[in-house]
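Asker: Dropping in coords_3.tsv, which is TSV, C-alpha atoms:
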```
chain	number	residue	atom	x	y	z
A	199	MET	CA	0.00	0.00	0.00
A	200	LYS	CA	1.20	3.49	-0.77
A	201	THR	CA	2.18	5.91	1.94
A	202	GLU	CA	0.21	9.03	2.73
A	203	THR	CA	2.92	11.14	1.11
A	204	GLU	CA	2.84	9.10	-2.10
A	205	LEU	CA	-0.93	9.29	-2.26
A	206	ASN	CA	-0.91	13.05	-1.72
A	207	GLU	CA	1.72	13.44	-4.46
A	208	ASN	CA	-0.39	11.34	-6.84
A	209	ILE	CA	-3.50	13.34	-6.02
A	210	LEU	CA	-1.64	16.58	-6.63
A	211	LYS	CA	-0.25	15.32	-9.93
A	212	ILE	CA	-3.59	14.14	-11.30
A	213	THR	CA	-5.34	17.30	-10.06
A	214	MET	CA	-2.74	19.44	-11.85
A	215	THR	CA	-3.22	17.35	-15.00
A	216	ILE	CA	-6.95	18.00	-14.83
A	217	ARG	CA	-6.40	21.70	-14.15
A	218	ASN	CA	-3.88	22.16	-16.97
A	219	GLU	CA	-5.24	19.83	-19.64
A	220	PHE	CA	-8.98	19.74	-18.94
A	221	PRO	CA	-9.95	22.83	-16.90
A	222	GLU	CA	-13.59	22.21	-17.78
A	223	LEU	CA	-13.50	19.23	-15.39
A	224	MET	CA	-12.52	21.36	-12.38
A	225	LYS	CA	-16.16	22.04	-11.58
A	226	PHE	CA	-16.66	18.33	-10.89
A	227	LEU	CA	-13.90	18.07	-8.30
A	228	ASN	CA	-15.88	19.86	-5.60
A	229	GLU	CA	-18.92	17.73	-6.33
A	230	MET	CA	-17.22	14.38	-5.83
A	231	PRO	CA	-18.67	12.41	-2.90
A	232	GLU	CA	-15.18	11.60	-1.65
A	233	THR	CA	-14.59	15.29	-0.90
A	234	ILE	CA	-17.75	15.79	1.15
A	235	PRO	CA	-17.16	14.53	4.69
A	236	VAL	CA	-20.04	12.87	6.48
A	237	GLU	CA	-18.55	13.55	9.89
A	238	GLN	CA	-17.68	16.89	11.43
A	239	SER	CA	-14.06	15.90	12.00
A	240	PRO	CA	-13.32	13.15	9.52
A	241	GLU	CA	-10.08	11.26	9.83
A	242	VAL	CA	-8.07	11.23	6.62
A	243	THR	CA	-6.71	7.75	6.10
A	244	ASN	CA	-4.72	6.14	3.33
A	245	LYS	CA	-7.87	4.31	2.28
A	246	ILE	CA	-9.77	7.59	1.88
A	247	LEU	CA	-6.89	9.15	-0.03
A	248	GLN	CA	-6.69	6.11	-2.32
A	249	GLU	CA	-10.44	6.23	-2.96
A	250	TYR	CA	-10.20	9.93	-3.80
A	251	TYR	CA	-7.29	9.31	-6.17
A	252	ASN	CA	-9.23	6.47	-7.82
A	253	SER	CA	-12.23	8.73	-8.36
A	254	LEU	CA	-10.01	11.40	-9.96
A	255	GLU	CA	-8.40	8.80	-12.18
A	256	THR	CA	-11.79	7.44	-13.22
A	257	LEU	CA	-13.01	10.92	-14.09
A	258	LEU	CA	-9.95	11.57	-16.20
A	259	ARG	CA	-9.93	8.15	-17.88
A	260	LYS	CA	-13.57	8.52	-18.90
A	261	TYR	CA	-13.04	12.01	-20.26
A	262	ALA	CA	-9.56	11.86	-21.83
A	263	PRO	CA	-10.26	9.22	-24.53
A	264	ASN	CA	-12.62	11.72	-26.13
A	265	HIS	CA	-9.62	14.00	-26.64
A	266	PRO	CA	-7.11	12.25	-28.89
A	267	SER	CA	-4.42	14.88	-28.35
A	268	PHE	CA	-4.14	13.94	-24.70
A	269	ILE	CA	-1.33	11.57	-23.72
A	270	THR	CA	-2.05	9.68	-20.53
A	271	ASN	CA	0.82	10.34	-18.16
A	272	PHE	CA	-0.60	9.66	-14.74
```
Translate this structure into structure tokens?

Answerer:
Amino acid sequence: MKTETELNENILKITMTIRNEFPELMKFLNEMPETIPVEQSPEVTNKILQEYYNSLETLLRKYAPNHPSFITNF
């Protein structure tokens, strides 16, 4: 399993890819269920970070194939 630091780096990288290559997707990042805590003081675990990364990756993988100029580098 990846460390918290690795997961945060991966999340940052994929978020920057979305921001730079597909800024039109930014509006969806705040709407993702993984970013809306159910608890008042949620604990951020590696599992939660991995789930968030997976959701970002899914969003990008579903959108990017419709844009042939995009080279997947994440």

Asker: Taking all atoms listed in the file into account, which of A:Ile246, A:Met224, A:Met199, A:Leu254 comes nearest Lys211 of chain A?

Answerer: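 Residue with the minimum atom-to-atom distance to Lys211 of chain A: A:Leu254.
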
Asker: From the options A:Ala262, A:Leu247, A:Val242, A:Ile209, which residue's atoms come nearest to Leu223 of chain A, counting all atoms listed in the file?

Answerer: A:Ala262

Asker: Figure out the distance between atom CA of Tyr251 of chain A and atom CA of Pro221 of chain A, please, to one decimal in Å.

Answerer: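 Going from atom CA of Pro221 of chain A over to atom CA of Tyr251 of chain A, I get 17.5 Å.
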
Asker: So how many Å separate atom CA of Thr215 of chain A and atom CA of Glu202 of chain A, to one decimal?

Answerer: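 For atom CA of Thr215 of chain A relative to atom CA of Glu202 of chain A, the distance reads 19.9 Å.
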
Asker: Using all atoms listed in the file for the distances, tell me which of A:Asn218, A:Lys200, A:Lys225, A:Thr213 is nearest to Ser253 of chain A.

Answerer: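 Using all atoms listed in the file, the shortest distance to Ser253 of chain A belongs to A:Thr213.
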
Asker: In Å, with one decimal, what is the gap from atom CA of Pro263 of chain A to atom CA of Glu219 of chain A?

Answerer: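 Computing the Euclidean distance for atom CA of Pro263 of chain A and atom CA of Glu219 of chain A yields 12.7 Å.
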
Asker: Put a box with edges along x, y and z around all the listed atoms of segment 203-216 of chain A, pad it by 4 Å on each side, then give me its centre and sizes in Å, one decimal, as JSON.

Answerer:
```
{"center_x": -2.0, "center_y": 14.3, "center_z": -6.9, "size_x": 17.9, "size_y": 18.3, "size_z": 24.1}
```

Asker: Which protein, DNA or RNA residues are at most 12 Å from (-10.1, 7.0, -5.5) in the file's coordinates when you count only C-alpha atoms, listed as a ChimeraX atom specification?

Answerer: /A:205-206,208-209,212,230-233,244-258
